[in-house]
$ cat query.txt   # compact mmCIF, C-alpha atoms
# COMPACT_ATOMS: atom_id res chain seq x y z
CA MET A 1 92.86 40.31 150.38
CA VAL A 2 93.35 37.57 147.79
CA THR A 3 90.80 37.55 144.99
CA VAL A 4 89.90 35.06 142.27
CA GLN A 5 91.49 37.49 139.78
CA ASP A 6 94.80 37.36 141.69
CA ILE A 7 94.83 33.58 141.61
CA ARG A 8 93.84 33.53 137.93
CA HIS A 9 96.56 35.98 136.97
CA ILE A 10 99.27 33.93 138.67
CA VAL A 11 98.09 30.53 137.47
CA GLU A 12 97.42 31.56 133.89
CA SER A 13 100.96 32.94 133.61
CA ILE A 14 102.62 29.63 134.48
CA PRO A 15 104.42 28.24 131.40
CA ASP A 16 103.47 24.82 130.04
CA PRO A 17 106.28 22.41 131.06
CA GLU A 18 106.61 20.80 127.62
CA ILE A 19 106.05 23.82 125.35
CA PRO A 20 107.22 26.69 127.56
CA VAL A 21 106.29 29.45 125.10
CA LEU A 22 102.67 28.69 125.96
CA THR A 23 101.15 29.54 129.31
CA LEU A 24 98.42 27.55 131.04
CA GLY A 25 96.17 30.48 130.16
CA ASP A 26 97.05 30.15 126.44
CA LEU A 27 96.19 26.43 126.59
CA GLY A 28 92.78 27.12 128.07
CA ILE A 29 93.06 24.38 130.70
CA ILE A 30 92.17 26.51 133.73
CA ARG A 31 88.42 26.00 133.72
CA ASP A 32 87.19 27.66 136.85
CA ILE A 33 88.43 29.28 140.03
CA ALA A 34 85.94 29.36 142.87
CA GLU A 35 86.16 30.74 146.36
CA THR A 36 85.48 28.15 149.08
CA ALA A 37 84.93 28.50 152.83
CA ASP A 38 88.65 28.53 153.61
CA GLY A 39 90.38 29.19 150.30
CA PHE A 40 90.03 28.50 146.60
CA GLU A 41 89.22 25.54 144.37
CA LEU A 42 90.69 25.36 140.86
CA ALA A 43 89.08 23.20 138.19
CA ILE A 44 91.58 22.06 135.56
CA THR A 45 90.97 20.13 132.36
CA PRO A 46 93.68 17.73 131.15
CA THR A 47 94.60 17.90 127.47
CA TYR A 48 95.25 14.30 126.32
CA SER A 49 94.18 11.52 128.73
CA GLY A 50 97.70 10.22 129.20
CA CYS A 51 99.54 13.53 129.04
CA PRO A 52 102.50 13.18 131.43
CA ALA A 53 102.53 16.94 132.01
CA THR A 54 99.14 16.92 133.74
CA LYS A 55 100.47 15.89 137.17
CA PHE A 56 103.47 18.17 136.79
CA ILE A 57 101.22 21.12 135.99
CA ALA A 58 99.25 20.46 139.18
CA THR A 59 102.40 20.62 141.33
CA GLU A 60 103.53 23.74 139.46
CA ILE A 61 100.25 25.47 140.28
CA ILE A 62 100.42 24.61 143.98
CA SER A 63 104.06 25.65 144.07
CA ALA A 64 103.46 28.98 142.27
CA LEU A 65 100.67 29.87 144.68
CA LYS A 66 102.72 28.86 147.74
CA GLN A 67 105.48 31.19 146.59
CA VAL A 68 103.13 34.12 147.04
CA ALA A 69 101.88 32.69 150.33
CA TYR A 70 98.50 31.41 149.04
CA HIS A 71 98.25 27.99 150.70
CA ASN A 72 94.57 27.17 150.84
CA VAL A 73 94.14 25.96 147.27
CA THR A 74 92.68 22.64 146.10
CA LEU A 75 92.70 21.35 142.56
CA LYS A 76 90.07 19.21 140.90
CA GLN A 77 90.11 17.59 137.49
CA VAL A 78 87.16 18.29 135.21
CA ILE A 79 86.92 16.29 131.98
CA ALA A 80 83.59 17.57 130.68
CA PRO A 81 83.34 19.16 128.24
CA PRO A 82 86.61 17.58 127.03
CA TRP A 83 89.50 19.90 126.23
CA SER A 84 89.75 20.97 122.62
CA THR A 85 92.53 22.70 120.69
CA ASP A 86 89.84 25.26 119.83
CA TRP A 87 90.44 26.57 123.39
CA ILE A 88 94.01 27.61 122.60
CA SER A 89 94.07 31.42 122.53
CA ALA A 90 94.90 33.41 119.39
CA ALA A 91 98.00 34.66 121.18
CA GLY A 92 98.91 31.06 121.95
CA ARG A 93 98.68 30.11 118.28
CA GLU A 94 101.00 32.96 117.29
CA LYS A 95 103.49 31.95 119.98
CA LEU A 96 103.48 28.36 118.72
CA LEU A 97 104.17 29.49 115.17
CA ALA A 98 107.00 31.80 116.26
CA TYR A 99 108.46 28.88 118.23
CA GLY A 100 108.46 26.69 115.11
CA ILE A 101 105.42 24.52 115.87
CA ALA A 102 102.57 24.73 113.36
CA PRO A 103 99.41 25.59 115.38
CA PRO A 104 96.23 23.43 115.19
CA ASN A 105 94.35 24.15 111.98
CA SER A 106 90.65 24.13 112.84
CA ASP A 107 89.65 24.71 109.21
CA SER A 108 91.29 21.44 108.21
CA LYS A 109 89.50 19.65 111.06
CA LYS A 110 86.17 20.55 109.48
CA ARG A 111 87.26 18.67 106.36
CA GLY A 112 88.06 15.64 108.50
CA LYS A 113 91.84 15.72 108.10
CA SER A 114 93.98 17.72 110.48
CA ALA A 115 96.81 19.38 108.53
CA PRO A 116 98.97 22.47 109.14
CA ALA A 117 98.15 25.62 107.18
CA ALA A 118 101.77 26.40 106.24
CA CYS A 119 105.44 25.70 106.98
CA PRO A 120 106.49 27.59 110.15
CA GLN A 121 109.89 28.29 108.59
CA CYS A 122 109.21 29.41 105.00
CA GLN A 123 105.36 29.66 104.92
CA ALA A 124 105.10 27.31 101.92
CA THR A 125 101.93 25.26 101.69
CA THR A 126 103.46 22.21 99.96
CA LEU A 127 103.66 19.92 102.98
CA GLU A 128 103.72 16.19 103.64
CA ARG A 129 103.05 14.21 106.80
CA ILE A 130 105.85 12.05 108.14
CA SER A 131 103.96 10.62 111.10
CA GLU A 132 100.66 11.27 112.82
CA PHE A 133 102.39 10.74 116.15
CA GLY A 134 105.31 12.94 117.13
CA SER A 135 107.40 13.91 120.09
CA THR A 136 104.38 14.33 122.38
CA PRO A 137 100.81 12.93 122.31
CA CYS A 138 99.59 16.31 121.02
CA GLN A 139 101.96 16.65 118.06
CA ALA A 140 102.46 15.12 114.62
CA MET A 141 105.56 15.32 112.40
CA TRP A 142 105.38 17.07 109.05
CA ARG A 143 107.88 18.10 106.42
CA CYS A 144 107.91 21.08 104.07
CA THR A 145 108.74 19.90 100.55
CA ASP A 146 109.91 23.41 99.68
CA CYS A 147 112.57 24.13 102.31
CA GLN A 148 112.81 20.46 103.42
CA GLU A 149 112.51 21.38 107.12
CA VAL A 150 110.82 18.90 109.43
CA PHE A 151 108.50 20.49 111.97
CA ASN A 152 106.01 19.58 114.69
CA TYR A 153 102.31 20.16 114.10
CA PHE A 154 100.01 20.63 117.09
CA LYS A 155 97.16 18.27 116.20
CA CYS A 156 93.51 19.26 116.33
CA LEU A 157 91.62 17.65 119.20
CA MET B 1 78.83 0.00 145.69
CA ASN B 2 77.40 -0.41 142.21
CA PRO B 3 78.22 -3.84 140.74
CA PRO B 4 76.96 -3.26 137.17
CA LEU B 5 78.84 0.02 136.79
CA LEU B 6 81.91 -1.47 138.46
CA SER B 7 81.79 -4.28 135.91
CA LEU B 8 81.61 -1.80 132.99
CA ALA B 9 84.36 0.44 134.35
CA LEU B 10 86.71 -2.48 135.01
CA ARG B 11 86.10 -3.92 131.58
CA MET B 12 86.78 -0.64 129.74
CA GLY B 13 89.75 0.20 131.96
CA ASP B 14 91.31 -3.25 131.85
CA ASN B 15 90.99 -3.41 128.05
CA ALA B 16 92.89 -0.15 127.67
CA LEU B 17 95.46 -1.00 130.35
CA ILE B 18 96.40 -4.44 129.04
CA ILE B 19 96.70 -3.52 125.38
CA ALA B 20 98.67 -0.40 126.37
CA GLN B 21 101.01 -2.58 128.39
CA GLN B 22 101.56 -4.84 125.36
CA ASN B 23 102.18 -1.93 122.97
CA SER B 24 104.64 -0.34 125.38
CA LYS B 25 106.98 -3.28 124.92
CA TRP B 26 107.78 -2.00 121.42
CA CYS B 27 109.14 1.28 122.79
CA GLY B 28 112.71 1.46 121.51
CA HIS B 29 112.37 -1.76 119.46
CA ALA B 30 109.93 -1.08 116.63
CA PRO B 31 111.06 -1.45 113.01
CA THR B 32 110.87 2.28 112.27
CA LEU B 33 111.07 5.36 114.45
CA GLU B 34 107.64 6.57 113.34
CA ASP B 35 105.99 3.25 114.24
CA ASP B 36 107.83 3.16 117.55
CA ILE B 37 106.52 6.60 118.47
CA ALA B 38 103.03 5.83 117.17
CA LEU B 39 102.69 2.68 119.31
CA SER B 40 104.08 4.45 122.37
CA ASN B 41 101.78 7.45 121.94
CA ILE B 42 98.74 5.25 121.42
CA ALA B 43 99.71 3.26 124.52
CA LEU B 44 100.09 6.48 126.49
CA ASP B 45 96.62 7.68 125.47
CA LEU B 46 95.17 4.30 126.47
CA LEU B 47 96.96 4.35 129.81
CA GLY B 48 95.42 7.74 130.51
CA GLN B 49 91.99 6.42 129.58
CA ALA B 50 92.57 3.34 131.74
CA GLN B 51 93.27 5.64 134.67
CA LEU B 52 89.98 7.50 134.11
CA TRP B 53 88.00 4.23 133.93
CA LEU B 54 89.77 2.54 136.85
CA ASP B 55 89.52 5.59 139.13
CA PHE B 56 85.78 5.53 138.37
CA ALA B 57 85.75 1.77 139.06
CA GLY B 58 87.25 2.49 142.48
CA ILE B 59 84.38 4.87 143.21
CA CYS B 60 81.81 2.29 142.03
CA GLN B 61 83.46 -0.33 144.24
CA GLY B 62 83.29 1.95 147.30
CA LYS B 63 86.36 0.60 149.11
CA GLY B 64 88.58 3.65 148.69
CA GLN B 65 90.72 2.06 145.97
CA ASP B 66 92.10 4.16 143.14
CA ALA B 67 93.33 3.21 139.65
CA ASP B 68 96.82 2.34 140.89
CA ARG B 69 95.52 0.05 143.60
CA LEU B 70 93.23 -1.75 141.17
CA ALA B 71 95.89 -2.05 138.45
CA PHE B 72 98.70 -3.37 140.61
CA PHE B 73 97.00 -5.59 143.16
CA ARG B 74 94.36 -7.62 141.32
CA ASP B 75 95.05 -11.17 140.17
CA SER B 76 94.11 -12.25 136.65
CA ILE B 77 90.88 -13.87 137.89
CA ASP B 78 89.70 -10.35 138.78
CA TYR B 79 90.75 -8.73 135.52
CA ARG B 80 87.94 -8.07 133.06
CA ASN B 81 89.76 -7.24 129.84
CA ALA B 82 88.77 -9.06 126.65
CA LEU B 83 90.98 -11.99 125.65
CA LEU B 84 92.12 -10.10 122.53
CA CYS B 85 93.95 -7.48 124.59
CA GLU B 86 96.31 -9.90 126.31
CA GLN B 87 97.43 -11.73 123.17
CA PRO B 88 101.19 -11.47 122.64
CA ASN B 89 102.88 -9.05 120.28
CA ASN B 90 104.88 -11.72 118.39
CA ASN B 91 105.74 -10.17 115.02
CA PHE B 92 104.91 -6.64 113.97
CA ALA B 93 102.02 -7.75 111.74
CA GLN B 94 100.38 -9.42 114.72
CA THR B 95 100.85 -6.30 116.83
CA LEU B 96 99.30 -4.09 114.14
CA MET B 97 96.37 -6.44 113.52
CA HIS B 98 95.88 -6.68 117.30
CA GLN B 99 95.72 -2.90 117.59
CA TYR B 100 93.43 -2.55 114.58
CA LEU B 101 90.95 -5.16 115.84
CA PHE B 102 90.84 -3.42 119.20
CA ASP B 103 90.43 0.06 117.68
CA VAL B 104 87.59 -0.92 115.32
CA TRP B 105 85.61 -2.14 118.35
CA HIS B 106 86.80 0.56 120.77
CA LEU B 107 85.73 3.52 118.63
CA HIS B 108 82.28 2.00 118.08
CA ARG B 109 81.75 1.18 121.77
CA LEU B 110 82.82 4.68 122.88
CA GLN B 111 80.40 6.29 120.41
CA ILE B 112 77.61 4.33 122.08
CA LEU B 113 78.80 5.04 125.63
CA CYS B 114 78.76 8.82 124.96
CA ASN B 115 74.97 8.47 125.14
CA SER B 116 74.85 6.65 128.48
CA SER B 117 72.60 8.08 131.19
CA VAL B 118 75.47 7.73 133.64
CA GLN B 119 77.28 11.08 133.61
CA ASP B 120 80.71 9.69 134.49
CA VAL B 121 80.51 7.05 131.74
CA ALA B 122 79.42 9.57 129.10
CA GLU B 123 82.17 12.01 130.19
CA ILE B 124 84.98 9.45 130.05
CA ALA B 125 83.74 8.19 126.67
CA ASP B 126 83.49 11.75 125.37
CA LYS B 127 87.06 12.49 126.50
CA SER B 128 88.46 9.27 125.04
CA ILE B 129 86.76 9.28 121.68
CA LYS B 130 88.78 12.04 120.02
CA GLU B 131 92.01 10.23 120.83
CA VAL B 132 90.63 6.86 119.71
CA GLN B 133 89.61 8.40 116.36
CA TYR B 134 93.31 9.03 115.74
CA HIS B 135 94.17 5.47 116.88
CA TYR B 136 91.66 3.90 114.50
CA ALA B 137 92.70 6.11 111.57
CA HIS B 138 96.30 5.08 112.15
CA SER B 139 95.83 1.34 112.67
CA ARG B 140 93.31 1.07 109.82
CA GLY B 141 95.65 2.90 107.46
CA LEU B 142 98.56 0.60 108.26
CA MET B 143 96.39 -2.52 108.10
CA ILE B 144 95.23 -1.56 104.61
CA ARG B 145 98.74 -0.60 103.41
CA LEU B 146 100.23 -3.89 104.59
CA GLY B 147 97.28 -6.09 103.64
CA ASP B 148 97.26 -4.58 100.16
CA GLY B 149 101.05 -4.47 100.16
CA THR B 150 103.59 -7.03 99.04
CA ALA B 151 102.84 -10.76 98.92
CA GLN B 152 104.86 -11.14 102.12
CA SER B 153 103.14 -8.35 104.04
CA HIS B 154 99.75 -9.63 102.87
CA ASP B 155 100.53 -13.16 104.13
CA TYR B 156 101.76 -11.88 107.47
CA MET B 157 98.62 -9.77 107.99
CA GLN B 158 96.31 -12.61 106.93
CA SER B 159 98.05 -15.02 109.33
CA ALA B 160 97.73 -12.45 112.11
CA LEU B 161 94.02 -11.98 111.40
CA ASP B 162 93.36 -15.73 111.35
CA LEU B 163 95.24 -16.18 114.63
CA LEU B 164 93.60 -13.29 116.50
CA TYR B 165 90.04 -13.56 115.20
CA PRO B 166 88.90 -16.24 117.72
CA TYR B 167 89.89 -13.83 120.52
CA PHE B 168 88.29 -10.76 118.92
CA GLY B 169 84.84 -12.12 119.80
CA SER B 170 85.69 -11.80 123.50
CA LEU B 171 84.91 -8.09 123.15
CA PHE B 172 81.26 -8.99 122.52
CA GLU B 173 80.80 -11.42 125.40
CA ASP B 174 77.91 -10.52 127.72
CA SER B 175 77.85 -10.83 131.51
CA ALA B 176 74.88 -10.77 133.91
CA ASP B 177 75.83 -7.18 134.81
CA ASP B 178 75.68 -6.22 131.12
CA ALA B 179 72.04 -7.32 131.05
CA ILE B 180 71.23 -5.01 133.98
CA LEU B 181 73.09 -2.10 132.35
CA ALA B 182 71.08 -2.58 129.17
CA GLN B 183 67.67 -2.99 130.82
CA GLU B 184 67.72 -0.15 133.35
CA THR B 185 67.22 3.35 131.92
CA GLU B 186 69.39 4.79 134.70
CA TYR B 187 72.37 3.29 132.81
CA SER B 188 71.38 3.10 129.11
CA VAL B 189 74.40 0.99 128.22
CA PRO B 190 73.68 -1.51 125.40
CA MET B 191 75.00 -5.06 125.76
CA PRO B 192 78.42 -5.78 124.21
CA SER B 193 76.83 -8.41 121.95
CA SER B 194 74.51 -5.77 120.47
CA HIS B 195 77.48 -4.19 118.66
CA ARG B 196 78.67 -7.39 117.09
CA GLN B 197 77.01 -7.06 113.70
CA SER B 198 77.78 -3.36 113.26
CA VAL B 199 81.42 -3.84 114.11
CA LEU B 200 81.69 -6.90 111.87
CA ASP B 201 80.24 -4.84 109.01
CA ILE B 202 82.93 -2.17 109.49
CA LEU B 203 85.60 -4.86 109.80
CA LYS B 204 84.42 -6.55 106.61
CA ALA B 205 84.54 -3.27 104.67
CA ASP B 206 88.05 -2.44 105.93
CA LEU B 207 89.37 -5.94 105.23
CA TYR B 208 87.97 -5.78 101.70
CA ILE B 209 90.04 -2.66 100.96
CA ALA B 210 93.05 -4.39 102.51
CA THR B 211 92.45 -7.42 100.22
CA LEU B 212 92.37 -9.64 103.32
CA THR B 213 89.97 -12.53 103.74
CA MET B 214 87.39 -12.28 106.50
CA PRO B 215 87.54 -15.44 108.65
CA THR B 216 84.42 -17.56 108.28
CA SER B 217 84.45 -19.58 111.51
CA ASP B 218 81.83 -18.77 114.12
CA PHE B 219 83.96 -20.00 116.99
CA TRP B 220 85.00 -17.39 119.56
CA HIS B 221 86.74 -17.86 122.91
CA LYS B 222 84.75 -16.95 126.01
CA GLY B 223 85.35 -16.55 129.72
CA ALA B 224 86.89 -13.11 130.13
CA VAL B 225 83.75 -11.80 131.84
CA ASP B 226 84.44 -14.30 134.64
CA GLY B 227 88.16 -13.64 134.76
CA LYS B 228 89.08 -16.78 132.84
CA HIS B 229 92.00 -15.58 130.82
CA THR B 230 94.63 -17.07 128.54
CA GLU B 231 98.04 -17.87 129.98
CA TYR B 232 99.45 -14.61 128.60
CA LEU B 233 97.69 -12.38 131.12
CA GLY B 234 99.54 -14.00 133.99
CA HIS B 235 102.89 -13.07 132.46
CA ILE B 236 101.77 -9.51 131.68
CA LEU B 237 100.58 -8.95 135.25
CA ALA B 238 103.66 -10.53 136.79
CA GLU B 239 105.86 -8.08 134.90
CA MET B 240 103.59 -5.09 135.51
CA GLN B 241 102.81 -5.72 139.17
CA PHE B 242 105.94 -7.18 140.70
CA LEU B 243 107.48 -3.87 141.78
CA GLN B 244 104.38 -2.61 143.57
CA ARG B 245 103.66 -5.99 145.10
CA THR B 246 107.25 -6.22 146.37
CA HIS B 247 107.22 -2.67 147.74
CA PRO B 248 103.56 -1.74 148.26
CA GLY B 249 102.88 1.98 148.18
CA LEU B 250 106.17 2.75 146.42
CA GLU B 251 106.05 6.17 144.73
CA TRP B 252 108.25 8.12 142.37
$ encode --input "query.txt" --output "structure tokens"
Amino acid sequence: MVTVQDIRHIVESIPDPEIPVLTLGDLGIIRDIAETADGFELAITPTYSGCPATKFIATEIISALKQVAYHNVTLKQVIAPPWSTDWISAAGREKLLAYGIAPPNSDSKKRGKSAPAACPQCQATTLERISEFGSTPCQAMWRCTDCQEVFNYFKCL
Amino acid sequence: MNPPLLSLALRMGDNALIIAQQNSKWCGHAPTLEDDIALSNIALDLLGQAQLWLDFAGICQGKGQDADRLAFFRDSIDYRNALLCEQPNNNFAQTLMHQYLFDVWHLHRLQILCNSSVQDVAEIADKSIKEVQYHYAHSRGLMIRLGDGTAQSHDYMQSALDLLYPYFGSLFEDSADDAILAQETEYSVPMPSSHRQSVLDILKADLYIATLTMPTSDFWHKGAVDGKHTEYLGHILAEMQFLQRTHPGLEW
């Protein structure tokens, strides 16, 4: 007998297509899973409005559930409240750092300027921003002036 | 079918779509890699927002059309974007000034729309505003750096401002539907013209830091609310729509 917990466990383990060290659960985009008359309805929140991964994630979810023979699943997009990087799990932040991406720094957001806490490579705090827009809508490019490494910073949203 | 809401949704969606389409043309061609990526990322955000607004427009229209259908099969007479959005990229200064003028209005309008009584409008505005804060911070920063830059960069930015300013006012043009949206409490959407002074005040303050001269003329182009666009929109739509119009329903 398939339960909401079963569905949640499978879906939240699916890796993000762009940053595969993170799971959909780590990102906090699976908002709700509800049982319907003939199956389940998943409510998902997109990250950035134009994120190209959003559609791909939807097909990944359907595909992952089909592989374990759960067919009666519908997805709906929920944009309120809007996704925030505050919803990224603590485990997710550690995974990002280990992967070399500086995780979103909520403390800096409070001061009105989103900046990484430290260099993911050498942990120095002498950093400079190269560009507010990086390889994906969610990332900016920074450089450590100590070890000179360029790294991606997951921006606060 | 809800004509006032349809009008609002089309206007917000078309603004984002057309300026995104213009910015996308720089992808692979911008003067620096960072600016190339910035313009592309901003365009991508705006395309996503356009999809939210135009999907909502399809619901307001009640004919089963989605964002794709509305984007690819309307003629320019049915587009409701402001005249500013369709102005050509020309040189990089004009592109940056174009983006800045749009952002200074866009952020302000979204802040207001977050308080609309219409749930869908407030939700889309709420979702968009965090991204647009980054857009405005970026375009304002560059506008100031180049305005208060070298003599050459200053002249380029001033020329761009003087050229685009008569089209900037199109963002504040009111339609009959705007009057209904403002009057009825079920919508609580202020008229576009009601933002004019506040936005001009912000613009004036930013231009002062950039050492650029605020244009003094009161003349602004009108007609976008009735689909009367400049020649440029026709070319943009021809390029954007030809594939779908040639092979309707084509999918990846």
$ closest_residue --input "query.txt" --among "B:Ser116, B:Gln183, B:Thr95, B:Gln65" --to "Ala30 of chain B" --atoms "all atoms listed in the file"
B:Thr95
$ residues_around --input "query.txt" --residues "Gly223 of chain B" --least-positions-apart "5" --cutoff "9 Å" --atoms "only C-alpha atoms" --output "compact mmCIF listing (two decimals) with C-alpha atoms, in the coordinates of the input"
# COMPACT_ATOMS: atom_id res chain seq x y z
CA ALA B 82 88.77 -9.06 126.65
CA LEU B 83 90.98 -11.99 125.65
CA SER B 170 85.69 -11.80 123.50
CA GLU B 173 80.80 -11.42 125.40
CA LYS B 228 89.08 -16.78 132.84
CA HIS B 229 92.00 -15.58 130.82
$ closest_residue --input "query.txt" --among "A:Lys113, A:His71, A:Arg143, A:Arg31" --to "chain B" --atoms "only C-alpha atoms"
A:Lys113
$ atom_distance --input "query.txt" --atom1 "atom CA of Leu110 of chain B" --atom2 "atom CA of His138 of chain B"
17.2 Å
$ residues_around --input "query.txt" --residues "Pro17 of chain A" --least-positions-apart "3" --cutoff "8 Å" --atoms "only C-alpha atoms" --output "PyMOL selection string"
chain A and resi 20+53+56-57
$ residues_around --input "query.txt" --residues "Lys25 of chain B" --least-positions-apart "4" --cutoff "10 Å" --atoms "all atoms listed in the file" --output "list in words"
Ala20, Gln21, His29, Ala30, Asp36, Leu39, Ser40, Ala43 and Asn89 of chain B
$ atom_distance --input "query.txt" --atom1 "atom CA of Ile79 of chain A" --atom2 "atom CA of Asp103 of chain B"
21.9 Å
$ interface_residues --input "query.txt" --of "chain B" --to "chain A" --cutoff "10 Å" --atoms "only C-alpha atoms" --output "NGL selection string"
:B and (33-52 or 119-120 or 122-131 or 133-135 or 137-138)
$ closest_residue --input "query.txt" --among "A:Pro116, A:Ile61, A:Val2, A:Ser108" --to "Arg93 of chain A" --atoms "all atoms listed in the file"
A:Pro116
$ closest_residue --input "query.txt" --among "A:Leu97, A:Ile7, A:Ile29, A:Ala115" --to "Gln67 of chain A" --atoms "all atoms listed in the file"
A:Ile7
$ residues_around --input "query.txt" --residues "Ser153 of chain B" --least-positions-apart "3" --cutoff "12 Å" --atoms "only C-alpha atoms" --output "compact mmCIF listing (two decimals) with C-alpha atoms, in the coordinates of the input"
# COMPACT_ATOMS: atom_id res chain seq x y z
CA ASN B 91 105.74 -10.17 115.02
CA PHE B 92 104.91 -6.64 113.97
CA ALA B 93 102.02 -7.75 111.74
CA GLN B 94 100.38 -9.42 114.72
CA LEU B 96 99.30 -4.09 114.14
CA MET B 97 96.37 -6.44 113.52
CA LEU B 142 98.56 0.60 108.26
CA MET B 143 96.39 -2.52 108.10
CA ILE B 144 95.23 -1.56 104.61
CA ARG B 145 98.74 -0.60 103.41
CA LEU B 146 100.23 -3.89 104.59
CA GLY B 147 97.28 -6.09 103.64
CA ASP B 148 97.26 -4.58 100.16
CA GLY B 149 101.05 -4.47 100.16
CA THR B 150 103.59 -7.03 99.04
CA TYR B 156 101.76 -11.88 107.47
CA MET B 157 98.62 -9.77 107.99
CA GLN B 158 96.31 -12.61 106.93
CA SER B 159 98.05 -15.02 109.33
CA ALA B 160 97.73 -12.45 112.11
CA ALA B 210 93.05 -4.39 102.51
CA THR B 211 92.45 -7.42 100.22
CA LEU B 212 92.37 -9.64 103.32
$ residues_near_point --input "query.txt" --point "(73.8, -6.2, 131.5)" --cutoff "10 Å" --atoms "only C-alpha atoms" --output "PyMOL selection string"
chain B and resi 4-5+7-8+174-184+187-192
$ atom_distance --input "query.txt" --atom1 "atom CA of Gly39 of chain A" --atom2 "atom CA of Thr23 of chain A"
23.6 Å
